[in-house]
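K.L.:
Got a structure for you, written out below as structure tokens; questions coming shortly.
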Amino acid sequence: MGFIFGPGFFQSSPVQVALIVGAVVSVVSGVVGVFTVVRGQAFSGHALADLGATGGSGAFLLGLNQLWGFLVIAAVAAGAIELLGLRRPRGRDLATGIVLGAGLGLAALFLYLDTSFSSTTGASITILFGSIFAIDSSLVPVIAVLTAISLGTVLLLYRMLLFSSLSPEMAAARTVPVRAVGIGYLVALALAVSLSAMTIGAVLSTALLVGPAACALRLTKRPGLALALAALIGVAVTWVSIVLAYDSYYWPPGGRGWPVSFFVVALIFTAYLLTQIPIPGWFSRRQPGRAMVDVGMARR
Amino acid sequence: MFSGFMVNTWLAATMVAVVAGVLGFFIVLRGAAFIAHAVPNGAFAGAAAAGLLGLSTLLGLGTFAVAGALSISWLSRRGRHDVVTALALVMMLGLGALFLSMSEEYASEIFSLLFGDVVGVSSAELLPILALGVACVAAVLVLFRPLMLSSVMPEAGEARGVRAQPLELCFVLLVALATTMTVPVVGAFLMFSLMTAPAAAARSLTARPLLAMGLAVLIALAIVWVAIALSYLSAWPIGFFVGTLGATSYGLARGWAGHRQRRPLSARMATDPAR
Amino acid sequence: MPVEAARVAGDEVVRLEGISVWLSGRQVLREVSFSLRAAEVTGLIGSNGAGKTTLFRVILGLQRASAGRVWMRGRAHSGRLPAIGYVPQTVALDPDMPLRARDVVGLGLDGQRLGIPLPSRQRRQLVDEMLQAVDATHFADARVGRLSGGEQRRVLIAHALISRPQLLLLDEPLINLDIRSEQEVVELLSGIARQQRIAVLISAHDMNPLLPAMDRIVYLAAGRAASGTTDEVVQTEVLSKLYGRQVDVIRLRDRVLVVSGSDESVAADHEHAHDVAERGLI
């Protein structure tokens, strides 16, 4: 056991916080991520995350924790997405990308001011790539509450969300309030993205959102099972990453440790590639789960 | 601001702007915005790796950019364009973060590579950048007609002997070249902005293809020059100015075009090029 | 049907002999033979998936035939010849695209050559002529992505014509057009065939809009083709033999309805029936 877990692993307070927050955040990311993939809105998730960088760095300037910045921006952006109905591809991709560019430029400015004026060293790293070992333990309750809200929203709207994600027209015909459900989903998404930006950074949080979900959807066609699997994969990846990052303190170049976010992203990527290997019988041939993904992707 | 090390920046940035206008015209025409987003992110990892190994940044950028461009092109030909490319993209960013974490200048290096650096071009890099730029522009101009035909009407092009696949390959390689020279100046995150905003703005202003390309170059030059000047004077990052000016010029162009459309249509509709 | 002045069919331009094509393990075309003559409009009729586009690709040299040969006037067919004008089925034209109608036509002239199009009076004149021939002069400078479906088709036809081909291929040019635009396009193509002495091959899944202009028909079903004049080919016996089961040909005023009893063609039949009913009421 001492071989896998570096010395002082379980006693370390930052590690404990990291394990808890990491797990909690992965669960909500995985769950919301399944719907994101099915709805073909991976790009919206990505946009929200990138803009989060602007919010987080802005929060630093105001002396606040970056979580608040992530949340505010995600809320505003989600509202914009809803109001402007940014769902169509092609032309909208261009406009969204240019707006994102402006947002990232603003993030650049905020980060620069952060390092010059407030003495937040390493602001870039924290905002962009996360700092799971440096999460303020007083934030844990807040994180827990926000996670509960996001998960709660999704689980409450579960059936309607599923229905309207797979076929909005049919759902509307069956008097499902598609618009309200869509708003609920965006709220959950904004929260999930903000939370995962805390652990692996704004720029990489898309991996935690989309990766485990995509893996889960490759493995099963049952929605409920997909949600559970996505959460499970997310938590597993995060915990293994935390262990590896802690251990890597002793790896070359020594004395610093590799970033947790790197491990998370690398493991997710590997996991995804593994699910791409066509093992006969691993998942059923007729894959409505796959159809869910295809429908989602086709509508992007 | 025009002396010493800044000369490199002005020269390199001018070349970058010309490439951005010329190649960006086709990036927007072909709807290849995703490639303009993905390749720089991949190149970021290469630059970080090069820094770690003590090699030239341009070499790292170039290798990863070319590899990334080829992979994306291969993947999208097989229909997989979405989840796997998004994950691979993020993977590259994570890899870059890893490499940089091993170096001494972690934070400032990240910042430079992602958001650009007003003094980001060393004298050793200037000549390669200029050469790459000239090659890129020349290639686009030479391929202009077949590229137009294949981008707009691929099947009709095939019937005339203009094969879409080899052209697509050339195109993504040109994007890789452009990436190699653009990232040191404006950063990996803002390259997309520079490649697309001027071209997108230009096409709102005119319907004539060559004129649109020319306008894209002019707008890109304006953006880059103003960005350098302001960045030098304020010490604020150049990426901020590029992103903001890009979005502004796009917004202004669309606003102007929208305003023109709302004018009462005269009988001579045919002479209105922006209809 | 409009009475035409003496239609003197020209020489053979293309001849297909026994063309068979296998794609992904399926035989798409079986020993298809027909020829196209200058100044004639030929309709290539068949339902979706019948092999029309494959046949086009064979003629264009983009698809190798497993058997048979394609002969083109003057020389043995090898590779793609610039003497063929091609109007593809779908061209996605973004409304914001910086491309005017005249630029699209210009691409037809020299789009395959390297370099930038240098402005020259001769080039402009040729483009103007072509635009006039398809009656597109009044929107020549408009963004091609903002034009209506019918207008875009005309521009694409001009694009295909400007290189003075001896053969013009159009893949489903009438799709998504309203009835009026359909008629305009058909009349335009008919006029072009006669005046410029070009062989025109139009593919469609419904032959009715083409009836006024069609000199000959190539009817594709189950990979096989029957060719000849409309009267010769569109007969119960001929088509039944082609399909390999009983089909009935019903003529209602000057429209044609092909009805099959079995399930596979039900969708196509409904389409035919619907079209016929719609047109019958006009």
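Naming works like this for the structure tokens: A, B, ... for the chains as they're shown, residue 1 at the start of each chain, ligands 1 onward in shown order.
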What's around range 72-77 of chain A at 8 Å? Count only C-alpha atoms, leave out sequence neighbours fewer than 2 positions away in its own chain, and write the answer as a list in words.

P.N.:
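Non-adjacent residues within range: Leu48, Ala49, Leu51, Gly52, Thr54, Gly55, Trp68, Gly69, Phe70, Gly79, Ala80, Ile81, Val187, Ala190, Leu191, Val193 and Ser194 of chain A.
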
K.L.:
Write out as a list in words every residue belonging to chain C that has an atom at most 12 Å from any atom of chain A, counting only C-alpha atoms.

P.N.:
Ala92, Leu93, Asp94, Pro95, Asp96 and Met97 of chain C

K.L.:
Identify all chain B residues at most 6 Å from chain A by counting only C-alpha atoms; ligands do not count. Present them as a list of chain:residue names.

P.N.:
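In the required form, that comes to B:Val90, B:Met91, B:Gly94, B:Ala107, B:Leu190, B:Ser193, B:Gly239, B:Phe240, B:Gly243, B:Thr244, B:Ala247.
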
K.L.:
Write the residues you've just listed into a file as an mmCIF file, in the first residue's frame, and include C-alpha atoms for each of them.

P.N.:
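See result-v4.cif below for the written result:
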```
data_model
loop_
_atom_site.group_PDB
_atom_site.id
_atom_site.type_symbol
_atom_site.label_atom_id
_atom_site.label_comp_id
_atom_site.auth_asym_id
_atom_site.auth_seq_id
_atom_site.Cartn_x
_atom_site.Cartn_y
_atom_site.Cartn_z
ATOM 1 C CA VAL B 90 -7.829 19.049 -24.286
ATOM 2 C CA MET B 91 -5.273 16.277 -23.923
ATOM 3 C CA GLY B 94 -2.933 19.110 -20.496
ATOM 4 C CA ALA B 107 3.518 30.600 -15.127
ATOM 5 C CA LEU B 190 -5.977 34.069 -29.782
ATOM 6 C CA SER B 193 -9.521 35.232 -33.393
ATOM 7 C CA GLY B 239 -3.768 38.818 -26.690
ATOM 8 C CA PHE B 240 -6.206 41.093 -24.937
ATOM 9 C CA GLY B 243 -9.277 39.425 -28.986
ATOM 10 C CA THR B 244 -11.086 42.663 -28.274
ATOM 11 C CA ALA B 247 -14.539 41.021 -31.900
#
```

K.L.:
Give me, as JSON, numbers by chain, all polymer residues having an atom no more than 12 Å from Ser190 in chain C, counting only C-alpha atoms and skipping those fewer than 2 positions away in the same chain.

P.N.:
{"C": [2, 4, 7, 38, 39, 40, 41, 42, 43, 134, 168, 183, 184, 185, 186, 187, 188, 192, 193, 194, 195, 196, 197, 198, 199, 200, 201, 202, 210, 211, 212, 213, 214, 215]}

K.L.:
Using N, CA and C atoms, can you export the residues from the last selection as a short mmCIF file (atom, residue, chain, number, x, y, z; two decimals), in the first residue's frame?

P.N.:
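Output file again_1.cif is given in full below:
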```cif
data_model
loop_
_atom_site.label_atom_id
_atom_site.label_comp_id
_atom_site.auth_asym_id
_atom_site.auth_seq_id
_atom_site.Cartn_x
_atom_site.Cartn_y
_atom_site.Cartn_z
N PRO C 2 -45.44 21.72 -76.44
CA PRO C 2 -45.16 22.78 -77.43
C PRO C 2 -44.64 22.17 -78.72
N GLU C 4 -42.25 21.92 -81.58
CA GLU C 4 -40.87 22.35 -81.81
C GLU C 4 -40.57 22.47 -83.29
N ARG C 7 -36.34 19.27 -85.07
CA ARG C 7 -35.26 18.97 -84.15
C ARG C 7 -34.35 17.95 -84.82
N ALA C 38 -25.92 15.10 -79.75
CA ALA C 38 -25.90 16.55 -79.67
C ALA C 38 -27.31 17.09 -79.96
N ALA C 39 -27.63 18.22 -79.33
CA ALA C 39 -28.91 18.91 -79.52
C ALA C 39 -30.09 18.12 -79.00
N GLU C 40 -29.83 17.07 -78.21
CA GLU C 40 -30.92 16.28 -77.66
C GLU C 40 -30.94 16.39 -76.15
N VAL C 41 -32.17 16.40 -75.59
CA VAL C 41 -32.29 16.35 -74.14
C VAL C 41 -32.70 14.94 -73.75
N THR C 42 -31.91 14.31 -72.93
CA THR C 42 -32.22 12.95 -72.47
C THR C 42 -32.49 12.99 -70.98
N GLY C 43 -33.55 12.33 -70.58
CA GLY C 43 -33.87 12.26 -69.16
C GLY C 43 -33.40 10.95 -68.58
N VAL C 134 -28.44 32.43 -69.58
CA VAL C 134 -29.33 31.81 -68.60
C VAL C 134 -30.22 32.85 -67.94
N LEU C 168 -23.63 18.10 -71.31
CA LEU C 168 -24.02 18.76 -70.07
C LEU C 168 -24.77 17.76 -69.20
N GLN C 183 -40.30 24.79 -64.43
CA GLN C 183 -40.60 25.00 -65.86
C GLN C 183 -39.53 25.86 -66.51
N GLU C 184 -39.13 26.91 -65.78
CA GLU C 184 -38.11 27.80 -66.35
C GLU C 184 -36.83 27.05 -66.64
N VAL C 185 -36.41 26.24 -65.67
CA VAL C 185 -35.15 25.51 -65.84
C VAL C 185 -35.25 24.53 -67.00
N VAL C 186 -36.39 23.84 -67.09
CA VAL C 186 -36.55 22.86 -68.16
C VAL C 186 -36.52 23.55 -69.52
N GLU C 187 -37.22 24.68 -69.61
CA GLU C 187 -37.22 25.41 -70.88
C GLU C 187 -35.81 25.89 -71.22
N LEU C 188 -35.13 26.38 -70.21
CA LEU C 188 -33.77 26.87 -70.42
C LEU C 188 -32.89 25.77 -70.98
N ILE C 192 -31.02 25.53 -74.56
CA ILE C 192 -29.56 25.41 -74.63
C ILE C 192 -29.16 24.24 -75.50
N ALA C 193 -29.86 23.12 -75.32
CA ALA C 193 -29.52 21.93 -76.11
C ALA C 193 -29.63 22.23 -77.58
N ARG C 194 -30.77 22.84 -77.97
CA ARG C 194 -30.98 23.09 -79.40
C ARG C 194 -30.01 24.11 -79.93
N GLN C 195 -29.91 25.26 -79.23
CA GLN C 195 -29.13 26.36 -79.79
C GLN C 195 -27.65 26.06 -79.81
N GLN C 196 -27.16 25.48 -78.74
CA GLN C 196 -25.72 25.27 -78.68
C GLN C 196 -25.32 23.88 -79.14
N ARG C 197 -26.29 23.11 -79.59
CA ARG C 197 -26.02 21.77 -80.11
C ARG C 197 -25.24 20.94 -79.10
N ILE C 198 -25.75 20.97 -77.85
CA ILE C 198 -25.10 20.21 -76.78
C ILE C 198 -25.97 19.01 -76.46
N ALA C 199 -25.34 17.91 -76.05
CA ALA C 199 -26.09 16.77 -75.53
C ALA C 199 -26.35 17.04 -74.06
N VAL C 200 -27.61 16.98 -73.66
CA VAL C 200 -27.96 17.28 -72.29
C VAL C 200 -28.55 16.05 -71.62
N LEU C 201 -28.02 15.68 -70.47
CA LEU C 201 -28.54 14.54 -69.72
C LEU C 201 -29.00 15.05 -68.36
N ILE C 202 -30.30 14.91 -68.12
CA ILE C 202 -30.87 15.40 -66.86
C ILE C 202 -31.37 14.21 -66.05
N LEU C 210 -40.16 16.84 -66.96
CA LEU C 210 -39.26 16.84 -68.11
C LEU C 210 -39.96 16.49 -69.41
N LEU C 211 -41.16 15.99 -69.32
CA LEU C 211 -41.82 15.50 -70.53
C LEU C 211 -41.85 16.50 -71.68
N PRO C 212 -42.10 17.79 -71.41
CA PRO C 212 -42.16 18.72 -72.55
C PRO C 212 -40.84 18.82 -73.32
N ALA C 213 -39.72 18.57 -72.63
CA ALA C 213 -38.43 18.84 -73.27
C ALA C 213 -37.66 17.59 -73.66
N MET C 214 -38.05 16.47 -73.07
CA MET C 214 -37.26 15.26 -73.22
C MET C 214 -37.39 14.66 -74.62
N ASP C 215 -36.26 14.46 -75.29
CA ASP C 215 -36.30 13.77 -76.57
C ASP C 215 -36.20 12.27 -76.37
#
```

K.L.:
Contacts between chain B and chain C, please, where a residue of chain C counts if it comes within 10 Å (with only C-alpha atoms); show its shortest atom pair and distance in Å to one decimal, rows by chain and ascending number, as CSV.

P.N.:
```
residue,atom,partner,partner_atom,distance
C:Phe56,CA,B:Ala159,CA,9.9
C:Arg57,CA,B:Ala159,CA,8.3
C:Ile59,CA,B:Ala159,CA,9.8
C:Leu60,CA,B:Ala159,CA,6.2
C:Gly61,CA,B:Ala159,CA,8.0
C:Leu62,CA,B:Ala159,CA,7.4
C:Gly79,CA,B:Gly161,CA,8.9
C:Arg80,CA,B:Gly161,CA,6.5
C:Leu81,CA,B:Arg160,CA,7.4
C:Pro82,CA,B:Arg160,CA,6.2
C:Ala83,CA,B:Arg160,CA,9.2
C:Ile84,CA,B:Ala159,CA,8.1
C:Gly85,CA,B:Ala159,CA,8.2
C:Tyr86,CA,B:Ala156,CA,6.1
C:Val87,CA,B:Ala156,CA,6.6
C:Pro88,CA,B:Ala156,CA,6.2
C:Gln89,CA,B:Glu155,CA,8.9
C:Thr90,CA,B:Met153,CA,8.8
C:Val91,CA,B:Met153,CA,6.0
C:Ala92,CA,B:Val152,CA,7.4
C:Leu93,CA,B:Val152,CA,7.1
C:Asp94,CA,B:Leu29,CA,8.7
C:Pro95,CA,B:Arg275,CA,9.7
C:Asp96,CA,B:Arg203,CA,6.8
C:Met97,CA,B:Leu29,CA,6.7
C:Pro98,CA,B:Ala207,CA,4.0
C:Leu99,CA,B:Ala207,CA,5.3
C:Arg100,CA,B:Ala207,CA,5.9
C:Ala101,CA,B:Ala207,CA,9.7
C:Arg102,CA,B:Arg208,CA,9.6
C:Asp103,CA,B:Arg208,CA,7.8
C:Val104,CA,B:Leu149,CA,8.3
C:Gly106,CA,B:Arg145,CA,9.9
C:Leu107,CA,B:Leu149,CA,6.4
C:Gly108,CA,B:Leu149,CA,8.4
C:Asp110,CA,B:Arg145,CA,7.5
C:Gly111,CA,B:Arg145,CA,5.0
C:Gln112,CA,B:Pro146,CA,5.1
C:Arg113,CA,B:Arg145,CA,6.4
C:Leu114,CA,B:Leu143,CA,5.5
C:Gly115,CA,B:Val142,CA,4.2
C:Ile116,CA,B:Phe144,CA,5.7
C:Pro117,CA,B:Arg145,CA,7.0
C:Thr137,CA,B:Ala270,CA,8.5
C:His138,CA,B:Ala270,CA,5.8
C:Phe139,CA,B:Ala270,CA,5.3
C:Ala140,CA,B:Ala270,CA,6.7
C:Asp141,CA,B:Ala270,CA,5.5
C:Ala142,CA,B:Pro273,CA,5.9
C:Arg143,CA,B:Ala207,CA,5.9
C:Val144,CA,B:Ala207,CA,8.9
C:Arg146,CA,B:Arg275,CA,7.8
C:Leu147,CA,B:Arg275,CA,9.9
C:Leu156,CA,B:Ala156,CA,9.4
C:His159,CA,B:Ala156,CA,9.4
C:Ala160,CA,B:Ala156,CA,8.4
```

K.L.:
I need the strand (DSSP E) residues of range 92-175 of chain C per DSSP on the backbone, written as a list in words.

P.N.:
Leu167, Leu168, Leu169 and Leu170 of chain C

K.L.:
Deliver the residues from the most recent selection as a file, using N, CA and C atoms, as a PDB file, in the first residue's frame.

P.N.:
```
ATOM      1  N   LEU C 167     -21.138  18.058 -73.735  1.00  0.00           N
ATOM      2  CA  LEU C 167     -22.080  17.267 -72.953  1.00  0.00           C
ATOM      3  C   LEU C 167     -22.371  18.007 -71.670  1.00  0.00           C
ATOM      4  N   LEU C 168     -23.634  18.098 -71.313  1.00  0.00           N
ATOM      5  CA  LEU C 168     -24.024  18.764 -70.072  1.00  0.00           C
ATOM      6  C   LEU C 168     -24.773  17.759 -69.200  1.00  0.00           C
ATOM      7  N   LEU C 169     -24.231  17.531 -68.007  1.00  0.00           N
ATOM      8  CA  LEU C 169     -24.875  16.589 -67.090  1.00  0.00           C
ATOM      9  C   LEU C 169     -25.477  17.368 -65.937  1.00  0.00           C
ATOM     10  N   LEU C 170     -26.721  17.111 -65.620  1.00  0.00           N
ATOM     11  CA  LEU C 170     -27.348  17.785 -64.488  1.00  0.00           C
ATOM     12  C   LEU C 170     -27.940  16.739 -63.544  1.00  0.00           C
TER      13      LEU C 170
END
```
